[in-house]
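Student: File entry30.txt below, compact mmCIF, C-alpha atoms:
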# COMPACT_ATOMS: atom_id res chain seq x y z
CA MET D 7 -43.22 45.32 -40.24
CA LYS D 8 -40.48 42.78 -40.11
CA ALA D 9 -42.37 40.64 -37.58
CA SER D 10 -44.37 39.25 -40.50
CA ILE D 11 -41.45 37.01 -41.33
CA LEU D 12 -41.26 35.36 -37.91
CA GLY D 13 -41.52 31.80 -39.15
CA LEU D 14 -38.91 30.21 -36.95
CA TYR D 15 -38.17 31.91 -33.68
CA ILE D 16 -35.60 30.59 -31.21
CA VAL D 17 -35.77 31.56 -27.55
CA THR D 18 -32.44 31.11 -25.80
CA CYS D 19 -31.90 29.45 -22.48
CA SER D 20 -28.97 28.30 -20.45
CA ASP D 21 -28.98 24.54 -20.05
CA PRO D 22 -25.85 23.47 -18.20
CA ALA D 23 -26.97 19.80 -18.24
CA HIS D 24 -26.56 19.86 -22.01
CA GLY D 25 -23.59 22.23 -21.96
CA VAL D 26 -25.66 24.86 -23.72
CA GLY D 27 -25.44 28.63 -23.23
CA HIS D 28 -27.36 31.55 -24.69
CA LEU D 29 -24.72 32.39 -27.25
CA ASP D 30 -24.49 28.76 -28.44
CA MET D 31 -28.21 28.75 -29.08
CA ALA D 32 -28.07 32.06 -30.92
CA ARG D 33 -25.27 30.71 -33.09
CA ALA D 34 -27.21 27.57 -33.95
CA ALA D 35 -30.30 29.65 -34.67
CA LEU D 36 -28.38 31.88 -37.02
CA GLN D 37 -26.57 29.09 -38.83
CA GLY D 38 -29.76 27.07 -39.12
CA GLY D 39 -31.70 29.90 -40.70
CA ALA D 40 -33.97 31.06 -37.90
CA ASP D 41 -35.88 34.30 -38.45
CA ALA D 42 -35.49 35.56 -34.91
CA VAL D 43 -33.60 34.99 -31.69
CA GLN D 44 -34.94 36.08 -28.35
CA LEU D 45 -32.51 36.36 -25.45
CA ARG D 46 -34.39 35.21 -22.39
CA ASP D 47 -32.45 35.13 -19.14
CA LYS D 48 -34.55 35.86 -16.10
CA GLU D 49 -31.67 35.16 -13.72
CA ALA D 50 -29.09 37.60 -15.03
CA GLY D 51 -28.71 41.11 -13.65
CA GLY D 52 -28.70 44.04 -16.04
CA ARG D 53 -24.95 44.03 -16.52
CA GLU D 54 -24.70 40.36 -17.37
CA LEU D 55 -27.78 40.51 -19.58
CA LEU D 56 -26.43 43.47 -21.53
CA CYS D 57 -23.15 41.63 -21.97
CA ARG D 58 -24.95 38.60 -23.44
CA ALA D 59 -27.17 40.83 -25.57
CA GLU D 60 -24.17 42.64 -27.00
CA GLU D 61 -22.50 39.31 -27.83
CA ILE D 62 -25.59 38.10 -29.69
CA SER D 63 -26.03 41.47 -31.37
CA ARG D 64 -22.46 41.34 -32.67
CA LEU D 65 -22.90 37.75 -33.80
CA LEU D 66 -26.01 38.59 -35.81
CA SER D 67 -24.58 41.77 -37.28
CA ARG D 68 -21.60 39.85 -38.63
CA SER D 69 -23.87 37.40 -40.42
CA GLU D 70 -25.32 37.85 -43.88
CA GLY D 71 -28.77 36.48 -43.08
CA GLU D 72 -31.61 38.54 -41.74
CA CYS D 73 -32.21 37.31 -38.24
CA LEU D 74 -34.06 39.59 -35.85
CA PHE D 75 -32.78 39.95 -32.32
CA LEU D 76 -35.18 40.52 -29.46
CA VAL D 77 -34.48 40.88 -25.74
CA ASN D 78 -36.95 39.43 -23.26
CA ASP D 79 -38.42 41.73 -20.61
CA ARG D 80 -35.83 44.54 -20.43
CA VAL D 81 -36.50 47.46 -22.72
CA ASP D 82 -33.41 49.23 -21.42
CA VAL D 83 -31.17 46.30 -22.30
CA ALA D 84 -32.77 46.01 -25.74
CA LEU D 85 -32.09 49.68 -26.43
CA ALA D 86 -28.56 49.62 -25.02
CA SER D 87 -27.58 46.53 -27.00
CA GLY D 88 -28.95 47.69 -30.33
CA ALA D 89 -31.46 44.82 -30.51
CA HIS D 90 -34.26 45.01 -33.04
CA GLY D 91 -36.83 44.95 -30.28
CA VAL D 92 -38.14 43.48 -27.09
CA HIS D 93 -40.48 40.68 -26.08
CA LEU D 94 -42.68 41.22 -23.03
CA GLY D 95 -44.52 38.75 -20.83
CA GLN D 96 -47.68 39.70 -19.02
CA ASP D 97 -45.70 40.50 -15.84
CA ASP D 98 -43.23 42.70 -17.68
CA LEU D 99 -43.63 46.37 -18.56
CA PRO D 100 -47.01 47.11 -20.14
CA ALA D 101 -46.80 47.17 -23.93
CA GLY D 102 -47.87 50.80 -24.17
CA ALA D 103 -45.08 51.98 -21.88
CA ALA D 104 -42.58 49.86 -23.79
CA ARG D 105 -43.76 51.23 -27.14
CA ARG D 106 -43.20 54.79 -25.96
CA LEU D 107 -39.64 53.94 -24.92
CA LEU D 108 -38.88 51.91 -28.06
CA GLY D 109 -40.24 54.34 -30.62
CA ALA D 110 -42.22 53.29 -33.67
CA GLN D 111 -39.48 51.43 -35.53
CA ARG D 112 -38.35 48.82 -33.04
CA ILE D 113 -40.24 45.57 -32.76
CA LEU D 114 -42.49 44.91 -29.80
CA GLY D 115 -43.70 41.40 -29.07
CA VAL D 116 -46.09 40.48 -26.28
CA SER D 117 -47.01 37.11 -24.77
CA ALA D 118 -50.71 36.32 -24.76
CA SER D 119 -52.58 33.24 -23.64
CA THR D 120 -56.13 34.57 -23.96
CA VAL D 121 -58.10 36.55 -26.51
CA GLU D 122 -58.36 39.39 -23.98
CA GLU D 123 -54.59 39.60 -23.55
CA ALA D 124 -54.13 39.40 -27.31
CA LEU D 125 -56.54 42.24 -28.02
CA ALA D 126 -55.05 44.38 -25.26
CA ALA D 127 -51.54 43.87 -26.65
CA CYS D 128 -52.71 44.85 -30.13
CA GLY D 129 -54.32 47.97 -28.72
CA GLU D 130 -51.10 48.93 -26.98
CA GLY D 131 -48.98 48.67 -30.10
CA ALA D 132 -47.63 45.12 -30.20
CA ASP D 133 -46.14 44.09 -33.55
CA TYR D 134 -46.59 40.39 -32.97
CA LEU D 135 -47.86 38.04 -30.29
CA GLY D 136 -46.18 35.11 -28.63
CA VAL D 137 -49.16 32.84 -28.09
CA GLY D 138 -49.13 29.94 -25.70
CA PRO D 139 -48.29 27.77 -24.02
CA VAL D 140 -49.85 25.69 -26.78
CA PHE D 141 -48.65 22.44 -25.23
CA ALA D 142 -47.17 21.63 -21.83
CA THR D 143 -43.53 22.69 -21.65
CA PRO D 144 -40.70 21.69 -19.36
CA THR D 145 -38.77 24.93 -19.99
CA LYS D 146 -41.21 27.31 -18.34
CA PRO D 147 -42.87 25.41 -15.50
CA ASP D 148 -44.65 28.65 -14.51
CA ALA D 149 -46.08 29.24 -17.96
CA GLY D 150 -49.66 28.36 -17.04
CA MET D 151 -52.12 25.83 -18.40
CA PRO D 152 -51.67 24.88 -22.05
CA ILE D 153 -54.20 26.63 -24.30
CA GLY D 154 -54.06 23.90 -26.94
CA LEU D 155 -54.58 24.27 -30.66
CA GLU D 156 -58.12 25.47 -29.96
CA GLY D 157 -56.88 28.35 -27.80
CA LEU D 158 -54.44 29.26 -30.55
CA ARG D 159 -57.22 29.25 -33.16
CA MET D 160 -59.39 31.53 -31.02
CA ILE D 161 -56.62 34.11 -30.76
CA ARG D 162 -55.89 33.71 -34.48
CA GLU D 163 -59.47 34.63 -35.28
CA ALA D 164 -59.37 37.63 -32.97
CA VAL D 165 -56.23 39.43 -34.17
CA ASP D 166 -54.56 40.37 -37.45
CA ILE D 167 -50.94 40.77 -36.34
CA PRO D 168 -48.44 37.93 -36.68
CA ILE D 169 -48.65 35.14 -34.15
CA VAL D 170 -45.71 33.07 -33.03
CA ALA D 171 -46.89 30.01 -31.16
CA ILE D 172 -44.85 28.83 -28.18
CA GLY D 173 -44.91 26.08 -25.60
CA GLY D 174 -43.94 22.47 -26.09
CA ILE D 175 -43.50 22.84 -29.84
CA ASP D 176 -41.09 20.49 -31.58
CA ALA D 177 -40.56 18.86 -34.97
CA ALA D 178 -43.34 16.37 -34.26
CA ASN D 179 -46.14 18.88 -33.70
CA ALA D 180 -44.90 22.03 -35.50
CA ALA D 181 -46.97 21.41 -38.64
CA GLN D 182 -50.19 21.12 -36.60
CA VAL D 183 -49.45 24.44 -34.93
CA LEU D 184 -48.87 26.18 -38.25
CA GLU D 185 -52.03 24.63 -39.67
CA ALA D 186 -53.94 26.01 -36.68
CA GLY D 187 -53.05 29.50 -37.84
CA ALA D 188 -49.73 30.44 -36.27
CA ASP D 189 -47.44 32.44 -38.56
CA GLY D 190 -44.44 30.99 -36.85
CA ILE D 191 -43.22 28.72 -34.10
CA ALA D 192 -41.04 29.59 -31.13
CA VAL D 193 -38.99 26.89 -29.50
CA ILE D 194 -36.64 26.55 -26.58
CA SER D 195 -36.04 22.96 -25.49
CA ALA D 196 -36.67 21.51 -28.97
CA VAL D 197 -33.30 23.11 -29.73
CA SER D 198 -31.49 23.37 -26.39
CA ALA D 199 -32.09 19.72 -25.48
CA ALA D 200 -31.39 18.34 -28.96
CA PRO D 201 -28.27 16.23 -29.41
CA ASP D 202 -27.30 18.56 -32.29
CA MET D 203 -28.77 22.05 -31.96
CA LEU D 204 -27.93 23.12 -35.50
CA GLU D 205 -29.55 20.01 -36.92
CA ALA D 206 -32.65 20.68 -34.79
CA VAL D 207 -32.94 24.24 -36.09
CA ARG D 208 -32.54 23.11 -39.71
CA ARG D 209 -35.18 20.47 -39.29
CA LEU D 210 -37.66 23.00 -37.89
CA ARG D 211 -36.75 25.39 -40.69
CA LEU D 212 -37.70 22.77 -43.26
CA ILE D 213 -41.07 22.20 -41.58
CA VAL D 214 -41.85 25.93 -41.57
CA ASP D 215 -40.77 26.31 -45.20
CA ALA D 216 -42.80 23.26 -46.29
CA HIS D 217 -45.90 24.72 -44.64
CA ARG D 218 -45.39 28.07 -46.35
CA LYS D 219 -45.16 26.45 -49.76
CA GLU D 220 -48.40 24.59 -49.16
CA ARG D 221 -50.34 27.75 -48.43
CA MET J 14 -26.66 68.99 -10.40
CA LYS J 15 -29.46 68.34 -8.01
CA ALA J 16 -27.66 65.35 -6.47
CA SER J 17 -25.61 67.85 -4.47
CA ILE J 18 -28.56 68.20 -2.11
CA LEU J 19 -28.83 64.51 -1.28
CA GLY J 20 -28.60 64.92 2.49
CA LEU J 21 -31.26 62.46 3.54
CA TYR J 22 -32.03 59.66 1.14
CA ILE J 23 -34.66 56.99 1.85
CA VAL J 24 -34.50 53.63 0.09
CA THR J 25 -37.85 51.87 0.11
CA CYS J 26 -38.48 48.27 0.99
CA SER J 27 -41.46 46.10 1.64
CA ASP J 28 -41.51 44.88 5.23
CA PRO J 29 -44.68 42.88 5.81
CA ALA J 30 -43.61 42.09 9.41
CA HIS J 31 -43.96 45.80 10.18
CA GLY J 32 -46.91 46.32 7.84
CA VAL J 33 -44.77 48.60 5.68
CA GLY J 34 -44.93 48.95 1.90
CA HIS J 35 -42.95 50.97 -0.62
CA LEU J 36 -45.55 53.71 -0.90
CA ASP J 37 -45.82 54.07 2.88
CA MET J 38 -42.08 54.64 3.09
CA ALA J 39 -42.16 57.15 0.26
CA ARG J 40 -44.95 59.02 2.02
CA ALA J 41 -43.05 59.14 5.31
CA ALA J 42 -39.92 60.24 3.46
CA LEU J 43 -41.76 63.07 1.78
CA GLN J 44 -43.59 64.24 4.88
CA GLY J 45 -40.44 64.02 6.97
CA GLY J 46 -38.43 66.16 4.58
CA ALA J 47 -36.18 63.64 2.85
CA ASP J 48 -34.22 64.87 -0.16
CA ALA J 49 -34.64 61.69 -2.19
CA VAL J 50 -36.57 58.46 -2.36
CA GLN J 51 -35.25 55.42 -4.15
CA LEU J 52 -37.73 52.70 -5.09
CA ARG J 53 -35.90 49.42 -4.62
CA ASP J 54 -37.87 46.27 -5.28
CA LYS J 55 -35.79 43.42 -6.63
CA GLU J 56 -38.72 40.99 -6.50
CA ALA J 57 -41.24 42.86 -8.63
CA GLY J 58 -41.60 42.29 -12.35
CA GLY J 59 -41.53 45.27 -14.70
CA ARG J 60 -45.29 45.79 -14.64
CA GLU J 61 -45.58 45.80 -10.86
CA LEU J 62 -42.47 47.94 -10.48
CA LEU J 63 -43.75 50.52 -12.95
CA CYS J 64 -47.06 50.60 -11.10
CA ARG J 65 -45.27 51.32 -7.80
CA ALA J 66 -43.01 53.87 -9.47
CA GLU J 67 -45.96 55.72 -10.96
CA GLU J 68 -47.65 55.82 -7.55
CA ILE J 69 -44.58 57.31 -5.93
CA SER J 70 -44.04 59.69 -8.84
CA ARG J 71 -47.59 61.00 -8.48
CA LEU J 72 -47.20 61.30 -4.71
CA LEU J 73 -44.05 63.39 -5.07
CA SER J 74 -45.41 65.54 -7.86
CA ARG J 75 -48.39 66.51 -5.72
CA SER J 76 -46.15 67.69 -2.90
CA GLU J 77 -44.65 71.11 -2.57
CA GLY J 78 -41.24 69.98 -1.35
CA GLU J 79 -38.36 69.08 -3.60
CA CYS J 80 -37.85 65.39 -3.20
CA LEU J 81 -36.00 63.53 -5.93
CA PHE J 82 -37.31 60.17 -7.06
CA LEU J 83 -34.95 57.47 -8.23
CA VAL J 84 -35.67 53.94 -9.41
CA ASN J 85 -33.27 51.16 -8.53
CA ASP J 86 -31.81 49.07 -11.34
CA ARG J 87 -34.36 49.54 -14.14
CA VAL J 88 -33.60 52.41 -16.48
CA ASP J 89 -36.70 51.58 -18.54
CA VAL J 90 -38.97 51.83 -15.50
CA ALA J 91 -37.31 55.08 -14.44
CA LEU J 92 -37.93 56.58 -17.88
CA ALA J 93 -41.48 55.24 -18.17
CA SER J 94 -42.49 56.51 -14.72
CA GLY J 95 -41.06 59.99 -15.10
CA ALA J 96 -38.60 59.49 -12.24
CA HIS J 97 -35.76 61.96 -11.83
CA GLY J 98 -33.24 59.23 -12.35
CA VAL J 99 -31.96 55.78 -11.61
CA HIS J 100 -29.69 54.13 -9.09
CA LEU J 101 -27.50 51.26 -10.26
CA GLY J 102 -25.73 48.56 -8.30
CA GLN J 103 -22.57 46.94 -9.59
CA ASP J 104 -24.59 44.05 -11.10
CA ASP J 105 -27.02 46.36 -12.86
CA LEU J 106 -26.53 48.01 -16.26
CA PRO J 107 -23.13 49.67 -16.59
CA ALA J 108 -23.30 53.38 -15.80
CA GLY J 109 -22.17 54.41 -19.28
CA ALA J 110 -24.97 52.48 -20.98
CA ALA J 111 -27.48 53.91 -18.52
CA ARG J 112 -26.24 57.45 -19.10
CA ARG J 113 -26.77 57.10 -22.84
CA LEU J 114 -30.35 55.96 -22.27
CA LEU J 115 -31.09 58.58 -19.61
CA GLY J 116 -29.68 61.59 -21.39
CA ALA J 117 -27.68 64.31 -19.69
CA GLN J 118 -30.42 65.76 -17.49
CA ARG J 119 -31.61 62.77 -15.50
CA ILE J 120 -29.78 61.74 -12.38
CA LEU J 121 -27.56 58.69 -12.36
CA GLY J 122 -26.40 57.18 -9.07
CA VAL J 123 -24.06 54.22 -8.77
CA SER J 124 -23.22 51.99 -5.82
CA ALA J 125 -19.53 51.75 -4.99
CA SER J 126 -17.73 49.93 -2.23
CA THR J 127 -14.15 50.50 -3.39
CA VAL J 128 -12.12 53.39 -4.75
CA GLU J 129 -11.85 51.55 -8.07
CA GLU J 130 -15.62 51.24 -8.41
CA ALA J 131 -16.04 54.86 -7.39
CA LEU J 132 -13.58 56.14 -9.99
CA ALA J 133 -15.07 53.94 -12.70
CA ALA J 134 -18.57 55.24 -11.95
CA CYS J 135 -17.34 58.84 -12.10
CA GLY J 136 -15.70 58.13 -15.43
CA GLU J 137 -18.94 56.69 -16.80
CA GLY J 138 -21.03 59.71 -15.88
CA ALA J 139 -22.41 59.04 -12.41
CA ASP J 140 -23.88 62.10 -10.69
CA TYR J 141 -23.50 60.71 -7.20
CA LEU J 142 -22.29 57.57 -5.48
CA GLY J 143 -24.02 55.32 -2.99
CA VAL J 144 -21.06 54.24 -0.87
CA GLY J 145 -21.16 51.27 1.43
CA PRO J 146 -22.09 49.17 3.15
CA VAL J 147 -20.52 51.38 5.82
CA PHE J 148 -21.77 49.16 8.62
CA ALA J 149 -23.32 45.69 8.67
CA THR J 150 -26.93 45.80 7.55
CA PRO J 151 -29.84 43.40 7.98
CA THR J 152 -31.70 44.77 4.94
CA LYS J 153 -29.24 43.65 2.30
CA PRO J 154 -27.65 40.44 3.54
CA ASP J 155 -25.84 40.15 0.18
CA ALA J 156 -24.34 43.62 0.39
CA GLY J 157 -20.79 42.46 1.07
CA MET J 158 -18.33 43.20 3.86
CA PRO J 159 -18.76 46.57 5.57
CA ILE J 160 -16.19 49.10 4.41
CA GLY J 161 -16.36 51.07 7.66
CA LEU J 162 -15.78 54.77 8.10
CA GLU J 163 -12.25 54.30 6.84
CA GLY J 164 -13.45 52.86 3.53
CA LEU J 165 -15.84 55.78 3.21
CA ARG J 166 -13.02 58.27 3.83
CA MET J 167 -10.85 56.66 1.16
CA ILE J 168 -13.58 57.02 -1.46
CA ARG J 169 -14.29 60.57 -0.26
CA GLU J 170 -10.68 61.50 -0.91
CA ALA J 171 -10.75 59.91 -4.37
CA VAL J 172 -13.84 61.53 -5.90
CA ASP J 173 -15.49 64.96 -6.10
CA ILE J 174 -19.09 64.00 -6.80
CA PRO J 175 -21.64 63.76 -3.96
CA ILE J 176 -21.49 60.66 -1.78
CA VAL J 177 -24.49 59.17 -0.05
CA ALA J 178 -23.36 56.65 2.54
CA ILE J 179 -25.45 53.51 2.99
CA GLY J 180 -25.47 50.37 5.10
CA GLY J 181 -26.48 50.08 8.75
CA ILE J 182 -26.88 53.82 9.21
CA ASP J 183 -29.28 55.05 11.87
CA ALA J 184 -29.81 58.00 14.18
CA ALA J 185 -27.07 56.73 16.50
CA ASN J 186 -24.25 56.68 13.94
CA ALA J 187 -25.41 59.14 11.25
CA ALA J 188 -23.33 62.04 12.57
CA GLN J 189 -20.13 59.95 12.45
CA VAL J 190 -20.83 59.06 8.84
CA LEU J 191 -21.34 62.68 7.85
CA GLU J 192 -18.19 63.67 9.71
CA ALA J 193 -16.29 61.05 7.73
CA GLY J 194 -17.12 62.96 4.57
CA ALA J 195 -20.45 61.70 3.26
CA ASP J 196 -22.68 64.39 1.79
CA GLY J 197 -25.72 62.44 2.81
CA ILE J 198 -27.03 59.28 4.40
CA ALA J 199 -29.22 56.62 2.87
CA VAL J 200 -31.34 54.46 5.12
CA ILE J 201 -33.73 51.57 4.78
CA SER J 202 -34.40 49.72 8.04
CA ALA J 203 -33.75 52.79 10.22
CA VAL J 204 -37.07 53.93 8.80
CA SER J 205 -38.93 50.76 7.80
CA ALA J 206 -38.40 49.06 11.16
CA ALA J 207 -39.06 52.15 13.27
CA PRO J 208 -42.23 52.19 15.39
CA ASP J 209 -43.10 55.52 13.74
CA MET J 210 -41.59 55.95 10.26
CA LEU J 211 -42.37 59.65 10.00
CA GLU J 212 -40.78 60.33 13.36
CA ALA J 213 -37.71 58.34 12.27
CA VAL J 214 -37.35 60.39 9.09
CA ARG J 215 -37.71 63.67 10.98
CA ARG J 216 -35.09 62.65 13.50
CA LEU J 217 -32.61 61.80 10.74
CA ARG J 218 -33.44 65.07 9.01
CA LEU J 219 -32.50 66.99 12.17
CA ILE J 220 -29.17 65.17 12.38
CA VAL J 221 -28.34 65.98 8.76
CA ASP J 222 -29.35 69.61 9.17
CA ALA J 223 -27.37 69.99 12.40
CA HIS J 224 -24.28 68.64 10.66
CA ARG J 225 -24.72 71.07 7.76
CA LYS J 226 -24.91 74.05 10.11
CA GLU J 227 -21.70 73.02 11.83
CA ARG J 228 -19.74 72.97 8.60
Please express the file's structure as structure tokens.
Tutor:
Amino acid sequence: MKASILGLYIVTCSDPAHGVGHLDMARAALQGGADAVQLRDKEAGGRELLCRAEEISRLLSRSEGECLFLVNDRVDVALASGAHGVHLGQDDLPAGAARRLLGAQRILGVSASTVEEALAACGEGADYLGVGPVFATPTKPDAGMPIGLEGLRMIREAVDIPIVAIGGIDAANAAQVLEAGADGIAVISAVSAAPDMLEAVRRLRLIVDAHRKER
Amino acid sequence: MKASILGLYIVTCSDPAHGVGHLDMARAALQGGADAVQLRDKEAGGRELLCRAEEISRLLSRSEGECLFLVNDRVDVALASGAHGVHLGQDDLPAGAARRLLGAQRILGVSASTVEEALAACGEGADYLGVGPVFATPTKPDAGMPIGLEGLRMIREAVDIPIVAIGGIDAANAAQVLEAGADGIAVISAVSAAPDMLEAVRRLRLIVDAHRKER
């Protein structure tokens, strides 16, 4: 399963204060060597979301690298846009229902903040877990209490599928998170709020690569 | 195509002030002889929406009547719940993309308020149109300017597929709407805000049936 290479995972956002849009973030992710881009836009209707997804899909298909493209929440938009898969939160479609719609080949990621949620997602066919919030995060104020490195370790011990840690992760704490057992790191504001998004992605890439060499 | 029998079409809502939920409306629709129920819940996440859709799907499958079940907006939820089809607004997935996901057999309805939108939907594979708002409506304050009976007539002249008129329709004006060329009427508050929902559905059913006999 391709999810095993999810070392650096960029979740898009729209951040007008920094003049950043979803496509800009996807472009920086791609150029900076990210392993995956997740389009996350909870405000857009289906039409607008599909339009963005198709733009990102085209962008990635024109590139030579291997960057996976995942759509948050909407299985229908993921399928219609030719994305590699979908990422589901706990309030989104249940993983089992999504798996049946996606088929066996497409990638299914599920957010989990507890061991129970992690085990349930595995049982329903998730390919990887988005685990967090590890630290407090300004991007998702509704994301719940941080689970900390200890919460991440507990989920790491409970499941075998790849774990991408998310929530308040940046260049300063990324190594700790990887040492705690995450296979990869997912970031939003560490890129969107950076003065130079491409530089931010490259810096995170180096941290992930350095950790992999050490192991 | 089964959409040709869309004479009385109930769109669900949740109306806590009247103690009304989506499933209650679906039950009244079914018992009162409606031809179709559309689950419309723009607030619910995918998980909650699928749960509601499965409840309504089970309710309808246990009944002897032939009531179609459509899910608003979410093609993935429609597919996962075994609904007969989906209804799309102009901000939802484009009809063509939805048709590819749904396949040829499932029903695809599209909202249209202009002749241009109506023709585009036909070209993209819509089975029926939801045309309106015909009159001002309290249920969808964002529904746009009423198109009136004249707007309905213009769309009627432009397309051949079934038209379900929507927007401010009740027992007092339903006959006018059918006379203007709608094949059916869709209602929300005419049922949800009625003192007796079942009685309201039955009354609308009689109006639709009386109009069909006259033709």
Student: Pull the closest atom pair for each residue of chain D that gets at most 9 Å from chain J, along with the distance in Å to one decimal, counting all atoms listed in the file, ordering rows by chain and then ascending residue number, as a Markdown table.
Tutor:
| residue | atom | partner | partner_atom | distance |
| --- | --- | --- | --- | --- |
| D:Ala50 | CA | J:Asp104 | CA | 8.8 |
| D:Gly51 | CA | J:Asp105 | CA | 5.6 |
| D:Gly52 | CA | J:Asp105 | CA | 4.3 |
| D:Arg53 | CA | J:Leu106 | CA | 4.3 |
| D:Glu54 | CA | J:Asp104 | CA | 7.3 |
| D:Leu55 | CA | J:Leu106 | CA | 8.3 |
| D:Leu56 | CA | J:Leu106 | CA | 7.0 |
| D:Asp79 | CA | J:Gly59 | CA | 7.6 |
| D:Arg80 | CA | J:Asp89 | CA | 7.3 |
| D:Val81 | CA | J:Asp89 | CA | 5.9 |
| D:Asp82 | CA | J:Asp89 | CA | 5.0 |
| D:Val83 | CA | J:Leu106 | CA | 7.8 |
| D:Leu85 | CA | J:Leu114 | CA | 7.7 |
| D:Ala86 | CA | J:Ala110 | CA | 6.1 |
| D:Ser87 | CA | J:Ala110 | CA | 8.9 |
| D:Gln96 | CA | J:Arg60 | CA | 7.9 |
| D:Asp97 | CA | J:Arg60 | CA | 5.4 |
| D:Asp98 | CA | J:Gly59 | CA | 4.3 |
| D:Leu99 | CA | J:Arg60 | CA | 4.3 |
| D:Pro100 | CA | J:Arg60 | CA | 5.9 |
| D:Ala103 | CA | J:Ala93 | CA | 6.1 |
| D:Ala104 | CA | J:Ala93 | CA | 7.9 |
| D:Arg106 | CA | J:Ala93 | CA | 8.0 |
| D:Leu107 | CA | J:Ala93 | CA | 7.1 |
Student: Just C-alpha atoms for this one: save the residues we selected as an mmCIF file, keeping the file's coordinate frame.
Tutor:
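The resulting file, result-v5.cif, is shown below:
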data_model
loop_
_atom_site.group_PDB
_atom_site.id
_atom_site.type_symbol
_atom_site.label_atom_id
_atom_site.label_comp_id
_atom_site.auth_asym_id
_atom_site.auth_seq_id
_atom_site.Cartn_x
_atom_site.Cartn_y
_atom_site.Cartn_z
ATOM 1 C CA ALA D 50 -29.090 37.600 -15.030
ATOM 2 C CA GLY D 51 -28.710 41.110 -13.650
ATOM 3 C CA GLY D 52 -28.700 44.040 -16.040
ATOM 4 C CA ARG D 53 -24.950 44.030 -16.520
ATOM 5 C CA GLU D 54 -24.700 40.360 -17.370
ATOM 6 C CA LEU D 55 -27.780 40.510 -19.580
ATOM 7 C CA LEU D 56 -26.430 43.470 -21.530
ATOM 8 C CA ASP D 79 -38.420 41.730 -20.610
ATOM 9 C CA ARG D 80 -35.830 44.540 -20.430
ATOM 10 C CA VAL D 81 -36.500 47.460 -22.720
ATOM 11 C CA ASP D 82 -33.410 49.230 -21.420
ATOM 12 C CA VAL D 83 -31.170 46.300 -22.300
ATOM 13 C CA LEU D 85 -32.090 49.680 -26.430
ATOM 14 C CA ALA D 86 -28.560 49.620 -25.020
ATOM 15 C CA SER D 87 -27.580 46.530 -27.000
ATOM 16 C CA GLN D 96 -47.680 39.700 -19.020
ATOM 17 C CA ASP D 97 -45.700 40.500 -15.840
ATOM 18 C CA ASP D 98 -43.230 42.700 -17.680
ATOM 19 C CA LEU D 99 -43.630 46.370 -18.560
ATOM 20 C CA PRO D 100 -47.010 47.110 -20.140
ATOM 21 C CA ALA D 103 -45.080 51.980 -21.880
ATOM 22 C CA ALA D 104 -42.580 49.860 -23.790
ATOM 23 C CA ARG D 106 -43.200 54.790 -25.960
ATOM 24 C CA LEU D 107 -39.640 53.940 -24.920
#
Student: Leaving out segment 69-84 of chain J and any residue of its chain fewer than 4 positions from it, which residues lie within 8 Å of it when counting only C-alpha atoms, given as a list of chain:residue names?
Tutor: J:Leu36, J:Ala39, J:Arg40, J:Leu43, J:Gly46, J:Ala47, J:Asp48, J:Ala49, J:Val50, J:Gln51, J:Leu52, J:Arg53, J:Arg65, J:Val88, J:Val90, J:Ala91, J:Ser94, J:Gly95, J:Ala96, J:His97, J:Gly98, J:Val99, J:His100, J:Ile120
Student: For atom CA of Ile201 of chain J and atom CA of Ala42 of chain J, determine how far apart the two atoms are, in Å to one decimal place.
Tutor: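 Atom-to-atom, atom CA of Ile201 of chain J and atom CA of Ala42 of chain J are spaced 10.7 Å apart.
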Student: Work out how far apart atom CA of Val121 of chain D and atom CA of Arg162 of chain D are and give it in Å to one decimal.
Tutor: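 Separating atom CA of Val121 of chain D from atom CA of Arg162 of chain D is a distance of 8.7 Å.
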Student: For atom CA of Glu123 of chain D and atom CA of Val137 of chain D, determine how far apart the two atoms are, in Å to one decimal place.
Tutor: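 Pair atom CA of Glu123 of chain D / atom CA of Val137 of chain D returns 9.8 Å.
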Student: Closest to Tyr134 of chain D among D:Gly38, D:Gly109, D:Pro168, D:Pro22, using only C-alpha atoms?
Tutor: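 Going through D:Gly38, D:Gly109, D:Pro168, D:Pro22 one by one, the smallest distance to Tyr134 of chain D is for D:Pro168.
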Student: So that I can check the surroundings of Asp202 of chain D, please list as an mmCIF file with C-alpha atoms, in the frame of the given file every protein, DNA and RNA residue that reaches within 12 Å of it, counting only C-alpha atoms and ignoring chain neighbours fewer than 6 positions away.
Tutor:
data_model
loop_
_atom_site.group_PDB
_atom_site.id
_atom_site.type_symbol
_atom_site.label_atom_id
_atom_site.label_comp_id
_atom_site.auth_asym_id
_atom_site.auth_seq_id
_atom_site.Cartn_x
_atom_site.Cartn_y
_atom_site.Cartn_z
ATOM 1 C CA HIS D 24 -26.560 19.860 -22.010
ATOM 2 C CA GLY D 25 -23.590 22.230 -21.960
ATOM 3 C CA VAL D 26 -25.660 24.860 -23.720
ATOM 4 C CA ASP D 30 -24.490 28.760 -28.440
ATOM 5 C CA MET D 31 -28.210 28.750 -29.080
ATOM 6 C CA ALA D 34 -27.210 27.570 -33.950
ATOM 7 C CA ALA D 35 -30.300 29.650 -34.670
ATOM 8 C CA GLY D 38 -29.760 27.070 -39.120
ATOM 9 C CA SER D 195 -36.040 22.960 -25.490
ATOM 10 C CA ALA D 196 -36.670 21.510 -28.970
ATOM 11 C CA ARG D 208 -32.540 23.110 -39.710
ATOM 12 C CA ARG D 209 -35.180 20.470 -39.290
#
